[in-house]
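Below is one structure, written out as structure tokens, with a few remarks after it.
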Amino acid sequence: MRSYYKSFLIGSLFLFFSGYTQAQDESSKLYREFNLELELSNRLFLNEGSYPGQERNYLSAAIQPEYYMEWANGNQSLKFVGFARWDQHDTRRTHFDIRELYWQRVKGSSEVSVGVKKIFWGKTESVHLVDIINQTDAVESFDGEQKLGEFMFHYSEFTDFGTIDVFVMPWFRKRVFPGRKGRLRPGSTDGLVIDSRDFPFESSAEEWRPSMAFRWSHYIGALDIGLSYFNGTGREPIITDLRTFNAVYGTIQQTGLEVQVTTGSMLWKLESIYRQNDFQDMFALAAGFEYTFGNIQNSGVDVGLLGEYLYDDRDDIALSGLQSDVFTGVRLAFNDTQDTELLMGGIFDLERSTELYFVEAERRLGSTFSAAVEARFFENVDPSEFTYVIRNDSFLQFSLTRYF
């Protein structure tokens, strides 16, 4: 792992000094662009931690360099995205990652990529069931939106009957949870820290068992559809005992369906998966809608209403805790020069008392800064659910980002 970090640092420095300006060489048709983001953020937890050593206030700083180069009339390109964060208290949240570092070639209707990439699949707002290619960066975000880079061979074919994607991933990256002093982590009252890097593999090849995935996607009028299949080591550890948090990284076969239908101002959305392995089979779905009221009273503001039903048949051993829940939310897009956006809502358990609330807001400040606010609130969490281990971790987070 140390060599991975060293590669990140060396690559970041090299790309900074070799491509820190945006330029285009007309003679060689070489295009280069370098961007850099610096972020300063602070998380304030509203309650004392559930486990010894946890703090109330967590200051952190992050850097994200990006480099892009293309040549051969745009048919070949190289992309690099790095990421590093320092955290005041949580040593595991102080981490480095190569989000993307890949070469890509386009020829006719086909596209080939080799290297570290991030791939997103999904339609729904509250959860992305089908999004399985990349491992979750669990120390960076609570909701699973942030992903680690994944080394892969990726082939795409664009046809009249849809896009076909083939992925081969030679090895596997384990999920890392926050450390002893970190918040939003599983653990026990005696201070035991759950380290998923210690979880065993079902496969004797361990992290070197290759994974493969296939996906077909297509637009048919108002219908946007995707069908996917994954065979390999599951990105989410399979919990065999919730009380002790015993888990294993199992070999799985997952079939996924994602659908979005546009009817005027209404978006109908669906994600569904069926996953099989030797420990447990599972079925899960998320289905709902988003309706947008555009340009309210000629103010330029768009208001979107969201609603989704969430189901997971794993009962109490699911990491998400979303066995039978309803998500409702409101999205405000102000469509101003500052790109001001606001998303707020909640997830409500239909069978238990658990309630989760959230607020996300972002606004640009001038041409080089942006500010963001994020809040998560956990209310009346049922002791039988996985989220009970983070019941005291409601927080407010303020972030300021500088763009170069």
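Letters for chains follow the order of the structure tokens (A, B, ...), residue numbers begin at 1 for each chain, and ligand numbers begin at 1 in the order shown.
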
Write out as a ChimeraX atom specification which residues come within 7 Å of A:Ser77 when counting only C-alpha atoms, dropping same-chain ones fewer than 3 positions away.
/A:69-71,74,103-105

DSSP strand (DSSP E) residues within stretch 103-287 of chain A, listed as a PyMOL selection string:
chain A and resi 103-107+110-117+150-159+162-169+211-220+223-233+238-241+246-248+251-263+266-276+282-287

If we count only C-alpha atoms and set the cut-off at 7 Å, which residues sit around stretch 282-296 of chain A, ignoring sequence neighbours fewer than 2 positions away in its own chain? Please answer as a count of residues only.
31

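The shortest atom-to-atom distance to A:Thr255, with only C-alpha atoms taken into account, belongs to A:Leu129 out of A:Thr233, A:Leu129, A:Phe377, A:Asn392.
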
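Take the candidates A:Leu46, A:Val373, A:Val259, A:Val326 and check each one against A:Thr401 using only C-alpha atoms; the shortest distance goes to A:Val373.
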
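Put simply, atom CA of A:Ile132 is 9.2 Å away from atom CA of A:Ala213.
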
Test item: residues at most 10 Å from stretch 79-82 of chain A, only C-alpha atoms, excluding those fewer than 3 positions along its chain, as a PyMOL selection string
chain A and resi 8-9+11-12+15+32-36+63-70+96-104+115-118+149

Would you mind listing what lies within 9 Å of A:Ala72 as a PyMOL selection string, with only C-alpha atoms counted and same-chain residues fewer than 3 positions away left out?
chain A and resi 28-30+75-77
